[in-house]
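Report on the structure given below.
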Amino acid sequence: MLKQLKIKFVAVIMSVFTVLFAAIFGFVMHLTKQNIERDSIEMMRTVAFRPPDSDPMHSKPDKPPNSIRLPVFTITISKHGTLVASGSDFFDLTDQAALQTLVDIAEQSKEPSGIIAEYDLRFLKNEFRNMKSIVFADISSEKAMLRGLIRNFILIGLIGYAVFFGNVAKEFFIFD
């Protein structure tokens with residue numbers, strides 16, 4: 001009878017520990033994801049709200065400011081529908097069909113920003129006078145960071161769970 005009560009008590013303690021760990025994990029993941037997204041969008045805004053060249057058709061591709069840490073590129077759409085891409089060397093900006101596909105996907109969204117999951121890109125739309133531009137940022141590093149965080153949380157959680165369970169079990173069952 002006393003042994004069953006001890007087992008139930010250990011089960012309750014482990015359940016509380018599990019719920020507490022899951023809540024902390026979820027909260028940290030949520031905050032981390034929000035911070036990463038906010039920083040990414042702020043970097044994209046830095047690029048988006050620079051004054052565009054008066055004639056993007058004859059301008060040289062420029063590099064984003066040094067404060068930009070993500071691979072970022074901008075597609076400027078003239079009033080005649082011509083696309084001009086500039087930005088990072090990380091991307092192939094010469095494939096007009098691929099650029100048009102990205103613009104079409106971004107334009108379908110009613111939101112000013114969003115994610116194109118199949119390309120691992122976040123976009124931010126901007127309009128300036130007669131021209132529209134869309135800034136795209138690679139989010140594969142963000143996803144890798146979040147996957148690494150999940151992996152580390154699981155590893156730490158399993159180790160913590162084993163140590164906690166070992167201590168609780170030892171405390172309750174050593175004196176049988």
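Here, A, B, ... name the chains of the structure tokens in the order displayed, residue numbers run from 1 inside each chain, and ligands are numbered from 1 in the same displayed order.
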All residues 12 Å or closer to Phe9 of chain A, only C-alpha atoms, same chain fewer than 5 positions away omitted, as number ranges by chain: A: 2-4, 14-16, 165, 168-169, 171-173
Interatomic distance (Å, one decimal) between atom CA of Thr46 of chain A and atom CA of Lys132 of chain A: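 Separation of atom CA of Thr46 of chain A and atom CA of Lys132 of chain A: 15.6 Å.
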Shortest interatomic distance to Ser133 of chain A - which of A:His30, A:Arg147, A:Arg38, A:Lys79, counting only C-alpha atoms: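 Once distances to Ser133 of chain A are computed over only C-alpha atoms, the minimum belongs to A:Lys79.
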Nearest-residue call for Gly26 of chain A, choices A:Phe49, A:Phe153, A:Ile159, A:Asn167, using only C-alpha atoms: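 Of A:Phe49, A:Phe153, A:Ile159, A:Asn167, the one nearest Gly26 of chain A, counting only C-alpha atoms, is A:Phe153.
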Could you name the residues that touch Phe164 of chain A at 10 Å or less, counting only C-alpha atoms, but leaving out those on the same chain fewer than 6 positions away, as a PDB file with C-alpha atoms, in the first residue's frame?
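Listing of part_17.pdb after writing:
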ATOM      1  CA  ILE A  13       6.038  14.859  -9.337  1.00  0.00           C
ATOM      2  CA  MET A  14       7.366  13.699 -12.718  1.00  0.00           C
ATOM      3  CA  PHE A  17       8.151  18.447 -13.884  1.00  0.00           C
ATOM      4  CA  LEU A 158      16.096  14.200 -21.296  1.00  0.00           C
ATOM      5  CA  LYS A 170      16.263   7.234  -4.949  1.00  0.00           C
TER       6      LYS A 170
END
Wanna dump the segment 107-134 of chain A-segment 69-77 of chain A contacts at 10 Å for me, each residue with its shortest atom pair and the distance in Å to one decimal, counting only C-alpha atoms, ordered by chain and number, as a Markdown table?
| residue | atom | partner | partner_atom | distance |
| --- | --- | --- | --- | --- |
| A:Leu121 | CA | A:Val72 | CA | 9.3 |
| A:Arg122 | CA | A:Val72 | CA | 9.4 |
| A:Phe123 | CA | A:Thr74 | CA | 9.3 |
| A:Leu124 | CA | A:Thr74 | CA | 9.4 |
| A:Lys125 | CA | A:Ile75 | CA | 9.7 |
| A:Asn126 | CA | A:Thr76 | CA | 9.3 |
| A:Glu127 | CA | A:Thr76 | CA | 9.5 |
| A:Asn130 | CA | A:Ile77 | CA | 9.1 |
| A:Met131 | CA | A:Ile77 | CA | 5.9 |
| A:Lys132 | CA | A:Ile77 | CA | 5.1 |
| A:Ser133 | CA | A:Thr76 | CA | 4.1 |
| A:Ile134 | CA | A:Ile75 | CA | 5.3 |
I need the chosen residues saved as a compact mmCIF listing (two decimals), in the first residue's frame, with all heavy atoms.
# COMPACT_ATOMS: atom_id res chain seq x y z
N LEU A 121 12.36 31.76 -48.09
CA LEU A 121 12.52 33.21 -48.20
C LEU A 121 11.41 33.93 -47.44
O LEU A 121 10.27 33.49 -47.44
CB LEU A 121 12.47 33.65 -49.67
CG LEU A 121 13.63 33.23 -50.56
CD1 LEU A 121 13.33 33.60 -52.01
CD2 LEU A 121 14.93 33.87 -50.11
N ARG A 122 11.78 35.02 -46.82
CA ARG A 122 10.80 35.95 -46.24
C ARG A 122 10.79 37.15 -47.18
O ARG A 122 11.82 37.54 -47.71
CB ARG A 122 11.26 36.36 -44.84
CG ARG A 122 10.34 37.41 -44.23
CD ARG A 122 10.72 37.74 -42.80
NE ARG A 122 10.27 36.65 -41.94
CZ ARG A 122 11.07 35.92 -41.17
NH1 ARG A 122 12.35 36.16 -41.14
NH2 ARG A 122 10.58 34.94 -40.43
N PHE A 123 9.61 37.74 -47.39
CA PHE A 123 9.53 38.91 -48.25
C PHE A 123 8.91 40.08 -47.52
O PHE A 123 8.18 39.92 -46.55
CB PHE A 123 8.74 38.61 -49.54
CG PHE A 123 7.28 38.31 -49.32
CD1 PHE A 123 6.35 39.34 -49.26
CD2 PHE A 123 6.84 37.00 -49.18
CE1 PHE A 123 5.00 39.07 -49.05
CE2 PHE A 123 5.50 36.72 -48.98
CZ PHE A 123 4.58 37.76 -48.91
N LEU A 124 9.24 41.27 -48.01
CA LEU A 124 8.68 42.51 -47.50
C LEU A 124 8.43 43.42 -48.70
O LEU A 124 9.36 43.75 -49.43
CB LEU A 124 9.64 43.18 -46.51
CG LEU A 124 9.19 44.52 -45.94
CD1 LEU A 124 7.99 44.34 -45.03
CD2 LEU A 124 10.33 45.18 -45.19
N LYS A 125 7.15 43.78 -48.89
CA LYS A 125 6.79 44.62 -50.04
C LYS A 125 6.90 46.09 -49.66
O LYS A 125 6.61 46.48 -48.53
CB LYS A 125 5.37 44.30 -50.51
CG LYS A 125 5.21 42.87 -51.00
CD LYS A 125 3.85 42.63 -51.61
CE LYS A 125 2.86 42.12 -50.59
NZ LYS A 125 1.58 41.71 -51.17
N ASN A 126 7.31 46.91 -50.65
CA ASN A 126 7.47 48.33 -50.44
C ASN A 126 7.09 49.06 -51.73
O ASN A 126 7.44 48.62 -52.82
CB ASN A 126 8.94 48.63 -50.07
CG ASN A 126 9.19 50.09 -49.83
OD1 ASN A 126 8.34 50.80 -49.31
ND2 ASN A 126 10.36 50.56 -50.22
N GLU A 127 6.35 50.15 -51.58
CA GLU A 127 6.01 50.97 -52.75
C GLU A 127 6.58 52.36 -52.54
O GLU A 127 6.48 52.93 -51.45
CB GLU A 127 4.50 51.04 -52.93
CG GLU A 127 3.91 49.72 -53.38
CD GLU A 127 2.49 49.86 -53.89
OE1 GLU A 127 2.17 50.90 -54.50
OE2 GLU A 127 1.73 48.92 -53.67
N ASN A 130 6.25 55.60 -58.23
CA ASN A 130 5.70 54.74 -59.29
C ASN A 130 6.33 53.35 -59.31
O ASN A 130 6.06 52.58 -60.23
CB ASN A 130 5.90 55.39 -60.66
CG ASN A 130 5.08 56.65 -60.79
OD1 ASN A 130 4.09 56.81 -60.09
ND2 ASN A 130 5.49 57.54 -61.67
N MET A 131 7.18 53.08 -58.35
CA MET A 131 7.87 51.79 -58.38
C MET A 131 7.51 50.97 -57.14
O MET A 131 7.23 51.52 -56.08
CB MET A 131 9.38 52.00 -58.39
CG MET A 131 9.89 52.62 -59.66
SD MET A 131 11.68 52.69 -59.74
CE MET A 131 12.13 53.44 -58.21
N LYS A 132 7.52 49.67 -57.35
CA LYS A 132 7.35 48.75 -56.24
C LYS A 132 8.64 47.97 -56.11
O LYS A 132 9.32 47.69 -57.09
CB LYS A 132 6.20 47.77 -56.51
CG LYS A 132 4.84 48.38 -56.48
CD LYS A 132 3.76 47.32 -56.42
CE LYS A 132 3.52 46.75 -57.80
NZ LYS A 132 2.37 45.84 -57.84
N SER A 133 8.95 47.63 -54.86
CA SER A 133 10.09 46.74 -54.65
C SER A 133 9.69 45.71 -53.61
O SER A 133 8.83 45.95 -52.76
CB SER A 133 11.33 47.52 -54.21
OG SER A 133 11.12 48.10 -52.95
N ILE A 134 10.32 44.57 -53.72
CA ILE A 134 10.10 43.49 -52.76
C ILE A 134 11.48 43.05 -52.29
O ILE A 134 12.35 42.72 -53.11
CB ILE A 134 9.33 42.31 -53.38
CG1 ILE A 134 8.01 42.79 -53.98
CG2 ILE A 134 9.09 41.24 -52.33
CD1 ILE A 134 7.27 41.74 -54.77
All helix (DSSP H, G or I) residues (DSSP, backbone) inside segment 12-152 of chain A, as a PyMOL selection string: chain A and resi 12-48+56-58+96-108+117-119+140-152
Residues flagged strand (DSSP E) by DSSP in segment 81-139 of chain A, as a PyMOL selection string: chain A and resi 83-87+113-116+121-128+131-138
Given only C-alpha atoms as the counted atoms, nearest of A:Leu149, A:Ala48, A:Ala137, A:Ala117 to Phe91 of chain A: A:Ala137
Near-Tyr119 of chain A list (10 Å; only C-alpha atoms; drop same-chain fewer than 5 positions) as a PyMOL selection string: chain A and resi 102+138-140
With all heavy atoms kept, could you save the residues just selected as a compact mmCIF listing (two decimals), in the first residue's frame?
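Below is the file part14.txt, written as the result:
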# COMPACT_ATOMS: atom_id res chain seq x y z
N LEU A 102 8.98 34.50 -57.93
CA LEU A 102 9.02 35.03 -56.56
C LEU A 102 8.13 36.26 -56.42
O LEU A 102 7.39 36.40 -55.43
CB LEU A 102 10.45 35.38 -56.16
CG LEU A 102 11.41 34.20 -56.01
CD1 LEU A 102 12.83 34.69 -55.74
CD2 LEU A 102 10.94 33.28 -54.89
N ASP A 138 16.86 35.31 -46.99
CA ASP A 138 16.97 33.87 -46.79
C ASP A 138 16.72 33.57 -45.31
O ASP A 138 17.29 34.21 -44.43
CB ASP A 138 18.37 33.41 -47.19
CG ASP A 138 18.55 31.93 -46.99
OD1 ASP A 138 17.74 31.16 -47.51
OD2 ASP A 138 19.52 31.55 -46.29
N ILE A 139 15.85 32.60 -45.04
CA ILE A 139 15.53 32.25 -43.65
C ILE A 139 16.02 30.86 -43.28
O ILE A 139 15.66 30.34 -42.23
CB ILE A 139 14.03 32.39 -43.35
CG1 ILE A 139 13.20 31.48 -44.25
CG2 ILE A 139 13.59 33.84 -43.44
CD1 ILE A 139 11.74 31.40 -43.85
N SER A 140 16.84 30.25 -44.14
CA SER A 140 17.32 28.90 -43.83
C SER A 140 18.18 28.90 -42.57
O SER A 140 18.13 27.94 -41.80
CB SER A 140 18.08 28.30 -45.01
OG SER A 140 19.16 29.12 -45.38
